[in-house]
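Engineer: Could you have a look at this structure, given as structure tokens, before my questions?
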Amino acid sequence: MTTKLLKFQSEQAGPFDVSNNKVDIVLPSYIGYSDLSQSCIILNLKLKNKPTGNDLGIAIDQSFNDKLDATCLIKHCSLTSDTLGTIEDLQCVNVFNSNMNYYTMDFEDEKSAHTMGYGSQNEIGTFIRKNKSGSNNSTQETYLQIQLSKLFGIGRTKQFPNGLIGNCKIHLEFEDDVANIVPKLFKKRIDPTIYNITKVSNTSFTLPTRLQQAFNLYVGQSILMGDDDAFTNQVDSIIDSISFDSSTNLTTFTHTTPNTHPYIRLKAYDDSAITNANLTYEIQDVKLKVYQYLLSSKQQESLNSKMKKGINLGFSTYSLERVNLNDALGVSQTYDRQFDIEPNCYNVMALSPIQNTASYNPFWGRQDNLAKYRWRLNGIDTTDRDISPYKSLYNDRLMATLSSGQYKAKNLNLKRNDSTPVADVNIPKDSLLIIPQPIPLSNNNQVLQIRTVQGATASTANKTFHLFKQVQKAIKLGGQSMVVA
């Protein structure tokens, strides 16, 4: 079936950052039918130096830290329609996706994703038109793509009836915890190359043209100048014009920030003054890319008629119950908690991301020094004994949960390195850990209870407890009215 590519701009104007972090995009009903599984959100993203506000250049997927991609910027998203109201409303999207990516992606998936423009080491989709002469600023744009299928369960639908469901609004809320989370999302932008420059004035210097060509400097690029290899009297500036003198074979650069020191050394990026703690983001604009099916009016009427005869668009989504832990769990201390499980829930995944400690990925689930745990469903134990992390029974429950959620488990290398294990349970300090449990599908509410026992060392870092409840839902198109049930 032939498709047409459409792009829709967000309702709000950018730039978006940690203080202006909400955006809405309308998916209009006049599209008729679209392929949501191939559609995506496009972010034009820049890295910023938080203290100064200076641009550090565009952000590519390679700018994100280990196992993170552009999805880590979205902490909350929702999809609503004129006729159905709220279809999905998802909290902590970046936490959920980061943990699922760890289990379901292997090196082949990552390589494929890089090629298609979605991977954590990919530069496809990033465009820099570098001006190497004159004063026109180089065009720097990045198109980081987040598939709707990574955000919404209904986003996996290949034949979405926009005409029947009406205008849909996608609401996105970007991560705004600038103290504990945002600095951990990115890798420092560094270029360790250092080369000699000749100062001409307080706002200009020269380089042999061969170096200009070799190091690919361009108008608008961030630079750092200093008096020696240690960059004494350093100046953080931006190139604002480049000119070539054929008689001397020298290229002259002028820059924005004047300085009176006799600097002689230059770097393309600052790898000393700018640390991860100083990194933040600025999204220039947000767009929605949608693939519309090109149907004749007769084809669309026929398809609408078939849809109204009772077709259900099934999809998987989740709800979140989040608990704040007021006190750290002491040595051998027991923690009990009861949760309400809504109808049609088929999986739960409990985890505690540590978002206030510099040494951890802010999204991965952890349970510091957890010795054992057990689930009870409707007052009945789900296993005949306590479960210890990473042992055979734990792996069995994990595989059952992933299979129930129709995930392709490709990476169970849970112990990420050989760092010193904590007491009792032999868990390396930076391991990923979720507490999984498949749930028998029921049309009724259920009650789930967890009991954990701390090991020989207190848990001081875990401050939150997230319970993600995966639920099967459907958009029912038949009858007099459409509903999400």
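Ordering of the structure tokens sets the chain letters (A, B, ...); residue numbers start at 1 within each chain; ligands are numbered from 1 in the order shown.
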Please return as a list in words: the residues of range 224-393 of chain A that backbone DSSP assigns to alpha helix (DSSP H).
Structural biologist: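 So, restricting range 224-393 of chain A to alpha helix (DSSP H), we get Ser297, Lys298, Gln299, Gln300, Glu301, Ser302, Leu303, Asn304, Ser305, Lys306, Met307, Ser392 and Leu393 of chain A.
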Engineer: Let's have the selection written as a short mmCIF file (atom, residue, chain, number, x, y, z; two decimals), in the first residue's frame, with C-alpha atoms.
Structural biologist:
```cif
data_model
loop_
_atom_site.label_atom_id
_atom_site.label_comp_id
_atom_site.auth_asym_id
_atom_site.auth_seq_id
_atom_site.Cartn_x
_atom_site.Cartn_y
_atom_site.Cartn_z
CA SER A 297 -12.39 7.75 -1.08
CA LYS A 298 -13.97 4.43 -2.06
CA GLN A 299 -11.17 2.41 -0.44
CA GLN A 300 -11.42 4.49 2.73
CA GLU A 301 -15.20 4.07 2.98
CA SER A 302 -14.85 0.32 2.55
CA LEU A 303 -12.16 0.13 5.22
CA ASN A 304 -14.18 2.30 7.62
CA SER A 305 -17.19 0.00 7.14
CA LYS A 306 -15.11 -3.07 8.00
CA MET A 307 -13.60 -1.36 11.03
CA SER A 392 18.14 -19.88 39.04
CA LEU A 393 14.65 -19.10 40.36
#
```
Engineer: Show which residues sit within 12 Å of Leu402 in chain A, as a list in words. Count only C-alpha atoms, and ignore same-chain residues fewer than 4 positions away.
Structural biologist: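 Listed by chain and then number, they are Asn99, Met100, Asn101, Tyr102, Tyr103, Thr104, Tyr346, Asn347, Val348, Met349, Asn395, Asp396, Arg397, Leu398, Gln406, Tyr407, Lys408, Ala409, Lys410, Asn411, Leu412, Ile434, Ile435, Pro436, Gln437, Pro438, Ile439 and Gln470 of chain A.
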Engineer: Taking the DSSP assignment computed from this structure's backbone, write out as an mmCIF file with C-alpha atoms, in the first residue's frame all residues of range 215-429 of chain A that belong to strand (DSSP E or B).
Structural biologist:
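Listing of states10.cif after writing:
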```cif
data_model
loop_
_atom_site.group_PDB
_atom_site.id
_atom_site.type_symbol
_atom_site.label_atom_id
_atom_site.label_comp_id
_atom_site.auth_asym_id
_atom_site.auth_seq_id
_atom_site.Cartn_x
_atom_site.Cartn_y
_atom_site.Cartn_z
ATOM 1 C CA SER A 222 33.019 26.306 20.027
ATOM 2 C CA ILE A 223 36.719 26.681 20.828
ATOM 3 C CA LEU A 224 38.933 27.031 23.896
ATOM 4 C CA MET A 225 42.112 29.122 23.869
ATOM 5 C CA GLY A 226 44.873 29.239 26.470
ATOM 6 C CA VAL A 235 38.988 31.709 27.063
ATOM 7 C CA ASP A 236 35.864 29.869 25.932
ATOM 8 C CA SER A 237 34.729 31.415 22.654
ATOM 9 C CA ILE A 238 33.042 30.796 19.274
ATOM 10 C CA ILE A 239 34.446 31.294 15.774
ATOM 11 C CA ASP A 240 32.418 33.990 14.010
ATOM 12 C CA SER A 241 34.348 34.407 10.718
ATOM 13 C CA ILE A 242 37.071 32.722 8.656
ATOM 14 C CA SER A 243 39.172 34.250 5.842
ATOM 15 C CA PHE A 244 42.042 32.901 3.713
ATOM 16 C CA ASP A 245 45.106 34.894 2.548
ATOM 17 C CA LEU A 250 47.333 31.592 6.379
ATOM 18 C CA THR A 251 43.735 31.380 7.530
ATOM 19 C CA THR A 252 42.513 34.116 9.891
ATOM 20 C CA PHE A 253 39.843 33.363 12.472
ATOM 21 C CA THR A 254 37.891 35.972 14.414
ATOM 22 C CA HIS A 255 36.032 34.946 17.557
ATOM 23 C CA ARG A 265 47.056 27.000 22.093
ATOM 24 C CA LEU A 266 43.604 26.000 20.850
ATOM 25 C CA LYS A 267 41.112 23.143 21.274
ATOM 26 C CA LEU A 279 25.776 19.826 30.643
ATOM 27 C CA THR A 280 22.173 20.498 29.802
ATOM 28 C CA TYR A 281 20.071 20.477 26.638
ATOM 29 C CA GLU A 282 18.076 22.819 24.433
ATOM 30 C CA ILE A 283 15.609 21.430 21.900
ATOM 31 C CA GLN A 284 15.238 23.886 19.021
ATOM 32 C CA ASP A 285 12.009 22.377 17.690
ATOM 33 C CA VAL A 286 9.866 19.231 17.852
ATOM 34 C CA LYS A 287 8.138 17.633 14.872
ATOM 35 C CA LEU A 288 6.031 14.553 14.226
ATOM 36 C CA LYS A 289 6.783 12.443 11.149
ATOM 37 C CA VAL A 290 3.823 10.296 10.038
ATOM 38 C CA TYR A 291 3.336 7.824 7.206
ATOM 39 C CA GLN A 292 -0.132 8.290 5.671
ATOM 40 C CA TYR A 293 -1.736 5.581 3.531
ATOM 41 C CA ASN A 312 -10.713 -4.106 18.287
ATOM 42 C CA LEU A 313 -7.299 -2.439 18.124
ATOM 43 C CA GLY A 314 -5.480 -4.266 20.912
ATOM 44 C CA PHE A 315 -2.373 -2.769 22.475
ATOM 45 C CA SER A 316 -0.161 -3.187 25.512
ATOM 46 C CA THR A 317 0.427 -0.290 27.874
ATOM 47 C CA TYR A 318 1.353 0.168 31.526
ATOM 48 C CA SER A 319 0.484 2.077 34.653
ATOM 49 C CA LEU A 320 2.897 3.112 37.370
ATOM 50 C CA GLU A 321 2.646 3.110 41.145
ATOM 51 C CA ARG A 322 5.576 4.938 42.689
ATOM 52 C CA VAL A 323 6.461 4.867 46.376
ATOM 53 C CA ASN A 324 8.903 7.183 48.125
ATOM 54 C CA LEU A 329 16.533 -0.119 54.822
ATOM 55 C CA THR A 334 12.162 -6.442 56.077
ATOM 56 C CA TYR A 335 10.092 -4.273 53.749
ATOM 57 C CA ASP A 336 6.433 -5.098 52.999
ATOM 58 C CA ARG A 337 4.204 -3.327 50.524
ATOM 59 C CA GLN A 338 0.768 -4.050 49.055
ATOM 60 C CA PHE A 339 -0.326 -2.928 45.581
ATOM 61 C CA ASP A 340 -3.684 -2.936 43.802
ATOM 62 C CA ILE A 341 -3.553 -4.637 40.394
ATOM 63 C CA CYS A 345 -2.768 -6.823 34.032
ATOM 64 C CA TYR A 346 -0.363 -9.554 32.944
ATOM 65 C CA ASN A 347 3.050 -8.427 34.283
ATOM 66 C CA VAL A 348 4.605 -6.388 37.046
ATOM 67 C CA MET A 349 8.174 -5.124 37.217
ATOM 68 C CA ALA A 350 9.450 -3.525 40.407
ATOM 69 C CA LEU A 351 12.659 -1.505 40.487
ATOM 70 C CA SER A 352 14.387 1.323 42.315
ATOM 71 C CA PRO A 353 16.340 3.674 40.055
ATOM 72 C CA GLY A 365 16.629 -0.531 38.379
ATOM 73 C CA ARG A 366 18.671 -1.414 41.463
ATOM 74 C CA LEU A 370 18.900 -7.071 48.520
ATOM 75 C CA ALA A 371 19.229 -10.589 49.956
ATOM 76 C CA LYS A 372 15.845 -12.109 48.983
ATOM 77 C CA TYR A 373 12.229 -11.326 48.195
ATOM 78 C CA ARG A 374 8.852 -13.007 47.627
ATOM 79 C CA TRP A 375 5.598 -12.022 45.913
ATOM 80 C CA ARG A 376 2.086 -12.881 47.149
ATOM 81 C CA LEU A 377 -0.900 -12.616 44.800
ATOM 82 C CA ILE A 380 -1.108 -16.775 48.033
ATOM 83 C CA ASP A 381 2.664 -17.071 47.576
ATOM 84 C CA ILE A 387 13.932 -15.650 45.575
ATOM 85 C CA PRO A 421 30.347 -7.564 45.158
ATOM 86 C CA PRO A 428 28.330 -6.074 41.621
#
```
Engineer: Identify, on the basis of only C-alpha atoms, every residue whose closest approach to range 150-160 of chain A does not exceed 10 Å; exclude the query and any residue fewer than 2 positions from it along the same chain; express the result as a VMD selection string.
Structural biologist: chain A and resid 31 to 41 71 74 76 to 79 87 to 90 93 to 94 96 to 97 101 146 to 148 162 to 165 172 291 to 293 313 to 318 471 to 475
Engineer: Find the residues near Val331 in chain A: any atom within 8 Å, counting only C-alpha atoms, skip ones fewer than 5 places away on the same chain, and give them as a list of chain:residue names.
Structural biologist: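 Contacts, with the query itself left out: A:Gln454, A:Gly455, A:Ala456, A:Thr457, A:Ala458, A:Ser459.
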Engineer: Pick out the residues sitting within 9 Å of range 460-462 of chain A, and hand them over as a PDB file with N, CA and C atoms, in the first residue's frame; count only C-alpha atoms, and ignore anything fewer than 6 positions along from it in its own chain.
Structural biologist:
```pdb
ATOM      1  N   LEU A 325      10.511   6.075  49.543  1.00  0.00           N
ATOM      2  CA  LEU A 325      10.985   5.441  50.773  1.00  0.00           C
ATOM      3  C   LEU A 325      11.558   6.526  51.678  1.00  0.00           C
ATOM      4  N   ASP A 327      12.935   6.208  54.704  1.00  0.00           N
ATOM      5  CA  ASP A 327      14.148   5.827  55.422  1.00  0.00           C
ATOM      6  C   ASP A 327      14.876   4.724  54.670  1.00  0.00           C
ATOM      7  N   ALA A 328      16.181   4.697  54.830  1.00  0.00           N
ATOM      8  CA  ALA A 328      16.975   3.617  54.247  1.00  0.00           C
ATOM      9  C   ALA A 328      16.661   2.308  54.958  1.00  0.00           C
ATOM     10  N   LEU A 329      16.764   1.194  54.222  1.00  0.00           N
ATOM     11  CA  LEU A 329      16.533  -0.119  54.822  1.00  0.00           C
ATOM     12  C   LEU A 329      17.794  -0.569  55.551  1.00  0.00           C
ATOM     13  N   GLY A 330      17.643  -0.901  56.818  1.00  0.00           N
ATOM     14  CA  GLY A 330      18.783  -1.316  57.625  1.00  0.00           C
ATOM     15  C   GLY A 330      19.181  -2.759  57.386  1.00  0.00           C
ATOM     16  N   SER A 352      14.064   0.084  41.597  1.00  0.00           N
ATOM     17  CA  SER A 352      14.387   1.323  42.315  1.00  0.00           C
ATOM     18  C   SER A 352      15.537   2.024  41.608  1.00  0.00           C
ATOM     19  N   PRO A 353      15.248   2.925  40.681  1.00  0.00           N
ATOM     20  CA  PRO A 353      16.340   3.674  40.055  1.00  0.00           C
ATOM     21  C   PRO A 353      16.982   4.622  41.066  1.00  0.00           C
ATOM     22  N   ILE A 354      18.290   4.718  41.019  1.00  0.00           N
ATOM     23  CA  ILE A 354      19.017   5.609  41.929  1.00  0.00           C
ATOM     24  C   ILE A 354      19.370   6.861  41.148  1.00  0.00           C
ATOM     25  N   GLN A 355      18.678   7.949  41.430  1.00  0.00           N
ATOM     26  CA  GLN A 355      18.801   9.152  40.624  1.00  0.00           C
ATOM     27  C   GLN A 355      19.500  10.290  41.342  1.00  0.00           C
ATOM     28  N   ASN A 356      20.009  10.028  42.522  1.00  0.00           N
ATOM     29  CA  ASN A 356      20.648  11.109  43.271  1.00  0.00           C
ATOM     30  C   ASN A 356      22.092  10.789  43.635  1.00  0.00           C
ATOM     31  N   THR A 357      22.694   9.851  42.912  1.00  0.00           N
ATOM     32  CA  THR A 357      24.078   9.459  43.173  1.00  0.00           C
ATOM     33  C   THR A 357      24.847   9.483  41.864  1.00  0.00           C
ATOM     34  N   ARG A 366      17.692  -0.860  40.517  1.00  0.00           N
ATOM     35  CA  ARG A 366      18.671  -1.414  41.463  1.00  0.00           C
ATOM     36  C   ARG A 366      17.958  -1.723  42.781  1.00  0.00           C
ATOM     37  N   GLN A 367      18.501  -2.647  43.506  1.00  0.00           N
ATOM     38  CA  GLN A 367      18.055  -2.907  44.877  1.00  0.00           C
ATOM     39  C   GLN A 367      19.325  -3.164  45.665  1.00  0.00           C
ATOM     40  N   ASP A 368      19.889  -2.117  46.235  1.00  0.00           N
ATOM     41  CA  ASP A 368      21.188  -2.256  46.897  1.00  0.00           C
ATOM     42  C   ASP A 368      21.144  -3.298  48.007  1.00  0.00           C
TER      43      ASP A 368
END
```
Engineer: From the options A:Ala485, A:Glu173, A:Phe231, A:Lys132, which residue's atoms come nearest to Val219 in chain A, counting only C-alpha atoms?
Structural biologist: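 Result for the nearest residue to Val219 in chain A: A:Lys132.
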Engineer: One decimal, in Å: what's the spacing between CA of Tyr218 in chain A and CA of Leu68 in chain A?
Structural biologist: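 CA of Leu68 in chain A lies at a distance of 29.1 Å from CA of Tyr218 in chain A.
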Engineer: Could you name the residues that touch Gly478 in chain A at 7 Å or less, counting only C-alpha atoms, but leaving out those on the same chain fewer than 4 positions away, as a PyMOL selection string?
Structural biologist: chain A and resi 308-311+482
Engineer: Between CA of Asn344 in chain A and CA of Asn444 in chain A, what is the spacing in Å?
Structural biologist: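 Answer for the CA of Asn444 in chain A to CA of Asn344 in chain A separation: 7.6 Å.
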